[in-house]
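J.: What follows is data26.cif, mmCIF, C-alpha atoms, pLDDT in the B column; chains and numbers go by the auth columns.
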```
data_query
#
loop_
_atom_site.group_PDB
_atom_site.id
_atom_site.type_symbol
_atom_site.label_atom_id
_atom_site.label_comp_id
_atom_site.label_asym_id
_atom_site.label_seq_id
_atom_site.Cartn_x
_atom_site.Cartn_y
_atom_site.Cartn_z
_atom_site.B_iso_or_equiv
_atom_site.auth_seq_id
_atom_site.auth_asym_id
ATOM 1 C CA MET A 1 -51.228 65.256 26.092 59.00 1 A
ATOM 2 C CA ALA A 2 -49.319 66.199 29.160 65.00 2 A
ATOM 3 C CA VAL A 3 -49.896 69.550 30.723 68.00 3 A
ATOM 4 C CA ILE A 4 -46.795 71.471 31.861 70.00 4 A
ATOM 5 C CA LYS A 5 -47.351 73.263 35.109 68.00 5 A
ATOM 6 C CA LYS A 6 -45.262 76.280 36.070 66.00 6 A
ATOM 7 C CA LYS A 7 -44.201 76.461 39.676 63.00 7 A
ATOM 8 C CA LYS A 8 -45.020 79.899 40.916 64.00 8 A
ATOM 9 C CA ASP A 9 -44.024 79.570 44.560 66.00 9 A
ATOM 10 C CA LYS A 10 -40.448 78.350 44.161 71.00 10 A
ATOM 11 C CA GLU A 11 -38.295 79.212 47.214 77.00 11 A
ATOM 12 C CA LEU A 12 -34.536 79.390 47.329 79.00 12 A
ATOM 13 C CA PRO A 13 -32.923 76.691 49.451 81.00 13 A
ATOM 14 C CA ALA A 14 -31.257 77.738 52.704 84.00 14 A
ATOM 15 C CA VAL A 15 -27.549 78.561 52.573 85.00 15 A
ATOM 16 C CA ASN A 16 -25.387 75.831 54.063 86.00 16 A
ATOM 17 C CA THR A 17 -23.319 77.407 56.850 86.00 17 A
ATOM 18 C CA SER A 18 -21.729 74.272 58.249 87.00 18 A
ATOM 19 C CA ALA A 19 -18.287 75.149 56.812 88.00 19 A
ATOM 20 C CA LEU A 20 -18.352 78.747 58.066 90.00 20 A
ATOM 21 C CA PRO A 21 -16.599 78.104 61.437 92.00 21 A
ATOM 22 C CA ASP A 22 -13.811 76.242 59.625 92.00 22 A
ATOM 23 C CA ILE A 23 -13.266 79.163 57.278 92.00 23 A
ATOM 24 C CA VAL A 24 -13.271 81.681 60.123 93.00 24 A
ATOM 25 C CA PHE A 25 -10.697 79.708 62.117 93.00 25 A
ATOM 26 C CA MET A 26 -8.553 79.224 59.014 93.00 26 A
ATOM 27 C CA LEU A 27 -8.504 83.006 58.438 93.00 27 A
ATOM 28 C CA LEU A 28 -7.785 83.634 62.109 93.00 28 A
ATOM 29 C CA PHE A 29 -4.889 81.177 62.044 91.00 29 A
ATOM 30 C CA PHE A 30 -3.489 82.747 58.856 91.00 30 A
ATOM 31 C CA PHE A 31 -3.469 86.257 60.336 89.00 31 A
ATOM 32 C CA MET A 32 -1.969 85.030 63.599 89.00 32 A
ATOM 33 C CA VAL A 33 0.917 83.439 61.703 88.00 33 A
ATOM 34 C CA ALA A 34 1.415 86.210 59.141 87.00 34 A
ATOM 35 C CA THR A 35 1.286 89.179 61.536 83.00 35 A
ATOM 36 C CA VAL A 36 4.538 90.423 63.031 76.00 36 A
ATOM 37 C CA MET A 37 4.264 92.198 66.326 72.00 37 A
ATOM 38 C CA ARG A 38 6.567 95.115 67.070 67.00 38 A
ATOM 39 C CA GLU A 39 9.592 93.693 68.824 73.00 39 A
ATOM 40 C CA VAL A 40 10.961 96.769 70.573 78.00 40 A
ATOM 41 C CA ASP A 41 9.212 99.773 72.084 78.00 41 A
ATOM 42 C CA LEU A 42 11.497 102.680 71.232 85.00 42 A
ATOM 43 C CA LYS A 43 12.314 104.848 74.210 87.00 43 A
ATOM 44 C CA VAL A 44 14.805 107.019 72.322 89.00 44 A
ATOM 45 C CA SER A 45 14.088 109.169 69.299 87.00 45 A
ATOM 46 C CA VAL A 46 15.973 108.008 66.223 87.00 46 A
ATOM 47 C CA ASN A 47 16.047 110.325 63.220 84.00 47 A
ATOM 48 C CA LYS A 48 18.370 108.334 60.973 84.00 48 A
ATOM 49 C CA PRO A 49 20.899 110.181 58.802 83.00 49 A
ATOM 50 C CA GLN A 50 20.777 109.928 55.013 82.00 50 A
ATOM 51 C CA ALA A 51 23.316 107.981 52.975 83.00 51 A
ATOM 52 C CA THR A 52 23.861 107.337 49.283 80.00 52 A
ATOM 53 C CA GLU A 53 25.679 103.990 49.319 80.00 53 A
ATOM 54 C CA ILE A 54 23.231 101.721 51.116 81.00 54 A
ATOM 55 C CA GLN A 55 22.477 98.006 50.946 83.00 55 A
ATOM 56 C CA LYS A 56 19.614 95.921 52.254 82.00 56 A
ATOM 57 C CA LEU A 57 20.387 93.266 54.831 80.00 57 A
ATOM 58 C CA GLU A 58 20.013 89.670 53.671 81.00 58 A
ATOM 59 C CA ARG A 59 18.678 87.936 56.782 84.00 59 A
ATOM 60 C CA LYS A 60 17.081 90.246 59.316 84.00 60 A
ATOM 61 C CA SER A 61 16.790 87.414 61.831 84.00 61 A
ATOM 62 C CA LEU A 62 20.568 87.622 62.304 89.00 62 A
ATOM 63 C CA VAL A 63 20.517 91.363 63.031 91.00 63 A
ATOM 64 C CA THR A 64 20.589 92.739 66.573 92.00 64 A
ATOM 65 C CA TYR A 65 19.786 96.423 66.982 92.00 65 A
ATOM 66 C CA ILE A 66 21.422 98.993 69.233 94.00 66 A
ATOM 67 C CA TYR A 67 19.509 102.279 69.444 95.00 67 A
ATOM 68 C CA ALA A 68 21.210 105.567 70.356 95.00 68 A
ATOM 69 C CA GLY A 69 19.456 108.893 70.733 94.00 69 A
ATOM 70 C CA SER A 70 17.828 111.336 73.085 93.00 70 A
ATOM 71 C CA PRO A 71 15.115 109.879 75.324 94.00 71 A
ATOM 72 C CA ARG A 72 11.555 110.515 74.180 92.00 72 A
ATOM 73 C CA VAL A 73 9.580 113.247 75.943 91.00 73 A
ATOM 74 C CA LYS A 74 7.864 110.921 78.424 90.00 74 A
ATOM 75 C CA TYR A 75 11.251 109.560 79.602 91.00 75 A
ATOM 76 C CA GLN A 76 13.125 112.892 79.771 89.00 76 A
ATOM 77 C CA ASP A 77 12.052 113.626 83.359 90.00 77 A
ATOM 78 C CA LYS A 78 13.703 110.427 84.573 90.00 78 A
ATOM 79 C CA PHE A 79 16.651 110.072 82.164 89.00 79 A
ATOM 80 C CA GLY A 80 17.353 113.634 81.005 90.00 80 A
ATOM 81 C CA ARG A 81 17.906 114.887 77.470 90.00 81 A
ATOM 82 C CA ALA A 82 21.423 113.582 76.858 92.00 82 A
ATOM 83 C CA PRO A 83 21.723 110.815 74.236 93.00 83 A
ATOM 84 C CA ARG A 84 21.369 107.328 75.686 93.00 84 A
ATOM 85 C CA ILE A 85 21.670 103.744 74.501 94.00 85 A
ATOM 86 C CA GLN A 86 18.666 101.433 74.312 94.00 86 A
ATOM 87 C CA LEU A 87 19.126 97.661 74.149 93.00 87 A
ATOM 88 C CA ASN A 88 15.894 95.783 73.452 87.00 88 A
ATOM 89 C CA ASP A 89 13.278 97.513 75.645 87.00 89 A
ATOM 90 C CA ALA A 90 15.512 99.090 78.276 90.00 90 A
ATOM 91 C CA PHE A 91 17.988 101.906 78.623 93.00 91 A
ATOM 92 C CA ALA A 92 21.531 100.683 79.125 93.00 92 A
ATOM 93 C CA SER A 93 25.003 101.999 79.764 93.00 93 A
ATOM 94 C CA ILE A 94 28.080 101.410 77.660 94.00 94 A
ATOM 95 C CA ASP A 95 29.266 98.782 80.173 94.00 95 A
ATOM 96 C CA ASP A 96 26.118 96.680 79.598 94.00 96 A
ATOM 97 C CA LEU A 97 26.868 96.304 75.898 95.00 97 A
ATOM 98 C CA GLN A 98 29.302 93.365 76.112 94.00 98 A
ATOM 99 C CA ALA A 99 26.917 91.269 78.215 94.00 99 A
ATOM 100 C CA PHE A 100 24.085 92.129 75.811 94.00 100 A
ATOM 101 C CA VAL A 101 26.102 90.960 72.790 94.00 101 A
ATOM 102 C CA ILE A 102 27.029 87.694 74.502 93.00 102 A
ATOM 103 C CA GLN A 103 23.393 87.113 75.495 94.00 103 A
ATOM 104 C CA GLU A 104 22.160 87.777 71.945 92.00 104 A
ATOM 105 C CA ARG A 105 24.875 85.540 70.489 93.00 105 A
ATOM 106 C CA GLU A 106 23.760 82.681 72.728 93.00 106 A
ATOM 107 C CA LYS A 107 20.221 82.965 71.352 91.00 107 A
ATOM 108 C CA LYS A 108 21.440 82.231 67.801 90.00 108 A
ATOM 109 C CA SER A 109 22.233 78.767 66.505 91.00 109 A
ATOM 110 C CA GLU A 110 25.870 77.688 66.270 91.00 110 A
ATOM 111 C CA GLU A 111 26.081 78.028 62.471 92.00 111 A
ATOM 112 C CA ASP A 112 24.402 81.483 62.488 90.00 112 A
ATOM 113 C CA ARG A 113 26.680 83.069 65.097 90.00 113 A
ATOM 114 C CA PRO A 114 29.478 84.065 62.666 90.00 114 A
ATOM 115 C CA MET A 115 26.911 85.852 60.470 90.00 115 A
ATOM 116 C CA MET A 116 25.364 87.828 63.348 92.00 116 A
ATOM 117 C CA THR A 117 25.286 91.562 62.583 93.00 117 A
ATOM 118 C CA MET A 118 25.059 94.385 65.093 94.00 118 A
ATOM 119 C CA SER A 119 23.098 97.279 63.607 93.00 119 A
ATOM 120 C CA ILE A 120 23.496 100.723 65.149 94.00 120 A
ATOM 121 C CA LYS A 121 20.386 102.856 64.724 93.00 121 A
ATOM 122 C CA ALA A 122 21.578 106.233 65.901 93.00 122 A
ATOM 123 C CA ASP A 123 19.983 109.650 65.736 93.00 123 A
ATOM 124 C CA LYS A 124 21.868 112.002 63.442 88.00 124 A
ATOM 125 C CA SER A 125 22.420 114.416 66.341 90.00 125 A
ATOM 126 C CA VAL A 126 24.283 111.808 68.449 93.00 126 A
ATOM 127 C CA LYS A 127 27.944 112.721 68.937 93.00 127 A
ATOM 128 C CA MET A 128 30.547 110.457 67.363 93.00 128 A
ATOM 129 C CA GLY A 129 32.083 109.855 70.801 94.00 129 A
ATOM 130 C CA LEU A 130 29.093 107.734 71.842 94.00 130 A
ATOM 131 C CA ILE A 131 29.234 105.808 68.553 94.00 131 A
ATOM 132 C CA SER A 132 32.978 105.220 69.063 95.00 132 A
ATOM 133 C CA ASP A 133 32.314 103.944 72.595 95.00 133 A
ATOM 134 C CA ILE A 134 29.678 101.546 71.226 95.00 134 A
ATOM 135 C CA LYS A 135 32.082 100.309 68.549 95.00 135 A
ATOM 136 C CA LEU A 136 34.845 99.798 71.128 96.00 136 A
ATOM 137 C CA GLN A 137 32.562 97.686 73.338 95.00 137 A
ATOM 138 C CA LEU A 138 31.418 95.671 70.309 95.00 138 A
ATOM 139 C CA ARG A 139 35.053 95.033 69.397 95.00 139 A
ATOM 140 C CA LYS A 140 35.760 93.823 72.950 94.00 140 A
ATOM 141 C CA ALA A 141 32.768 91.450 72.688 93.00 141 A
ATOM 142 C CA GLN A 142 34.102 90.086 69.363 92.00 142 A
ATOM 143 C CA ALA A 143 31.082 91.466 67.464 92.00 143 A
ATOM 144 C CA LEU A 144 32.987 92.695 64.433 91.00 144 A
ATOM 145 C CA LYS A 145 30.189 92.741 61.870 92.00 145 A
ATOM 146 C CA ILE A 146 28.619 96.204 62.294 92.00 146 A
ATOM 147 C CA ASN A 147 25.934 97.939 60.256 91.00 147 A
ATOM 148 C CA TYR A 148 24.798 101.569 60.421 90.00 148 A
ATOM 149 C CA SER A 149 21.108 102.148 59.676 88.00 149 A
ATOM 150 C CA SER A 150 20.336 105.125 57.461 86.00 150 A
ATOM 151 C CA LEU A 151 17.764 106.590 55.125 83.00 151 A
ATOM 152 C CA GLN A 152 18.151 106.897 51.401 77.00 152 A
ATOM 153 C CA PRO A 153 17.814 110.514 50.225 72.00 153 A
ATOM 154 C CA LYS A 154 14.895 111.314 47.946 68.00 154 A
ATOM 155 C CA ASP A 155 17.019 112.620 45.090 50.00 155 A
ATOM 156 C CA VAL A 156 18.944 109.335 44.980 48.00 156 A
ATOM 157 C CA GLU A 157 15.636 107.418 44.928 52.00 157 A
ATOM 158 C CA ALA A 158 14.554 109.472 41.896 50.00 158 A
ATOM 159 C CA LEU A 159 17.869 108.690 40.191 45.00 159 A
ATOM 160 C CA TYR A 160 17.424 104.945 40.747 51.00 160 A
ATOM 161 C CA SER A 161 13.801 104.960 39.587 52.00 161 A
ATOM 162 C CA SER A 162 14.647 106.817 36.341 46.00 162 A
ATOM 163 C CA GLU A 163 17.370 104.303 35.453 45.00 163 A
ATOM 164 C CA ASN A 164 15.001 101.322 35.686 44.00 164 A
#
```
Starting from the file, give its structure as structure tokens.

T.:
Amino acid sequence: MAVIKKKKDKELPAVNTSALPDIVFMLLFFFMVATVMREVDLKVSVNKPQATEIQKLERKSLVTYIYAGSPRVKYQDKFGRAPRIQLNDAFASIDDLQAFVIQEREKKSEEDRPMMTMSIKADKSVKMGLISDIKLQLRKAQALKINYSSLQPKDVEALYSSEN
């Protein structure tokens, strides 16, 4: 008869790590593609007003933002406390707005230009005169599709959530 021997000193085989660098680079590539970096460093404070009739924008890639508000604390020594306009990463005057719109329009493809939307993100303490001046310059630049950014009030959110 055959004798069955039990192996007492059985070791686990070493873990194969040859695919580990491929997995690490695949994860790195995924996070590099999926991460969105902040596009604009806000230099003005924007406390958006609340609104009840709001809609989400369809394609955010076609939206260009104009910020209006008081300069943040670190910029108040240089620019004062009066509300200012920020275009991309720089303070601008009302007269710079037309050139900015034309420059942003040129960045879009030919078929996307008619759908380009100018979104005004203004602080709720900004006077309507500044908003009217912005709208007038947008009209002169033929940017007629305008959006006002706002917050949805909490009581309206509760109303919508109870209906669903």

J.: Please, what distance in Å, to one decimal, runs between atom CA of Ser150 of chain A and atom CA of Gly69 of chain A?

T.: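 Separating atom CA of Ser150 of chain A from atom CA of Gly69 of chain A is a distance of 13.8 Å.
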
J.: Using atom CA of Ile120 of chain A and atom CA of Asp96 of chain A as the two end points, give the distance in Å to one decimal.

T.: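 Taking atom CA of Ile120 of chain A and atom CA of Asp96 of chain A, their separation equals 15.2 Å.
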
J.: Name the closest residue to Leu130 of chain A among the candidates A:Ile85, A:Leu20, A:Leu144, A:Val40; distances are taken between atoms, counting all atoms listed in the file.

T.: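 Closest to Leu130 of chain A, using all atoms listed in the file: A:Ile85.
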
J.: If you apply the PyMOL selection byres ((chain A and resi 134) around 9) to this file, what residues do you get, as a PyMOL selection string?

T.: chain A and resi 66+85+94+97+120+129-133+135-139

J.: Output C-alpha atoms for every residue in the selection just made, as a PDB file, in the frame of the given file.

T.:
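part.pdb written:
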```pdb
ATOM      1  CA  ILE A  66      21.422  98.993  69.233  1.00 94.00           C
ATOM      2  CA  ILE A  85      21.670 103.744  74.501  1.00 94.00           C
ATOM      3  CA  ILE A  94      28.080 101.410  77.660  1.00 94.00           C
ATOM      4  CA  LEU A  97      26.868  96.304  75.898  1.00 95.00           C
ATOM      5  CA  ILE A 120      23.496 100.723  65.149  1.00 94.00           C
ATOM      6  CA  GLY A 129      32.083 109.855  70.801  1.00 94.00           C
ATOM      7  CA  LEU A 130      29.093 107.734  71.842  1.00 94.00           C
ATOM      8  CA  ILE A 131      29.234 105.808  68.553  1.00 94.00           C
ATOM      9  CA  SER A 132      32.978 105.220  69.063  1.00 95.00           C
ATOM     10  CA  ASP A 133      32.314 103.944  72.595  1.00 95.00           C
ATOM     11  CA  LYS A 135      32.082 100.309  68.549  1.00 95.00           C
ATOM     12  CA  LEU A 136      34.845  99.798  71.128  1.00 96.00           C
ATOM     13  CA  GLN A 137      32.562  97.686  73.338  1.00 95.00           C
ATOM     14  CA  LEU A 138      31.418  95.671  70.309  1.00 95.00           C
ATOM     15  CA  ARG A 139      35.053  95.033  69.397  1.00 95.00           C
TER      16      ARG A 139
END
```

J.: Which of these residues is nearest to Lys78 of chain A, using all atoms listed in the file: A:Lys127, A:Arg113, A:Lys43, A:Lys108?

T.: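 Using all atoms listed in the file, Lys78 of chain A sits closest to A:Lys43.
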
J.: Output the residue selection produced by the PyMOL selection byres ((chain A and resi 62-65) around 7) on the file above, formatted as a ChimeraX atom specification.

T.: /A:59-61,66-67,115-121

J.: Counting only C-alpha atoms, which of A:Val73, A:Gly80, A:Lys10, A:Ala141 gets nearest to Phe100 of chain A?

T.: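 Nearest to Phe100 of chain A: A:Ala141.
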
J.: Using the chain letters and numbers from the file, which residues does the PyMOL selection byres ((chain A and resi 51) around 10) grab, as a list of chain:residue names?

T.: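 This file, filtered by the PyMOL selection byres ((chain A and resi 51) around 10), leaves A:Lys48, A:Pro49, A:Gln50, A:Thr52, A:Glu53, A:Ile54, A:Tyr148, A:Ser149, A:Ser150, A:Leu151, A:Gln152, A:Pro153, A:Val156.
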
J.: Take the residues that were just selected and, keeping C-alpha atoms, output them as a PDB file, in the frame of the given file.

T.:
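The resulting file, again.pdb, is reproduced below:
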```
ATOM      1  CA  LYS A  48      18.370 108.334  60.973  1.00 84.00           C
ATOM      2  CA  PRO A  49      20.899 110.181  58.802  1.00 83.00           C
ATOM      3  CA  GLN A  50      20.777 109.928  55.013  1.00 82.00           C
ATOM      4  CA  THR A  52      23.861 107.337  49.283  1.00 80.00           C
ATOM      5  CA  GLU A  53      25.679 103.990  49.319  1.00 80.00           C
ATOM      6  CA  ILE A  54      23.231 101.721  51.116  1.00 81.00           C
ATOM      7  CA  TYR A 148      24.798 101.569  60.421  1.00 90.00           C
ATOM      8  CA  SER A 149      21.108 102.148  59.676  1.00 88.00           C
ATOM      9  CA  SER A 150      20.336 105.125  57.461  1.00 86.00           C
ATOM     10  CA  LEU A 151      17.764 106.590  55.125  1.00 83.00           C
ATOM     11  CA  GLN A 152      18.151 106.897  51.401  1.00 77.00           C
ATOM     12  CA  PRO A 153      17.814 110.514  50.225  1.00 72.00           C
ATOM     13  CA  VAL A 156      18.944 109.335  44.980  1.00 48.00           C
TER      14      VAL A 156
END
```

J.: Take atom CA of Phe79 of chain A and atom CA of Ser93 of chain A and report the distance between them in Å, one decimal.

T.: 11.9 Å
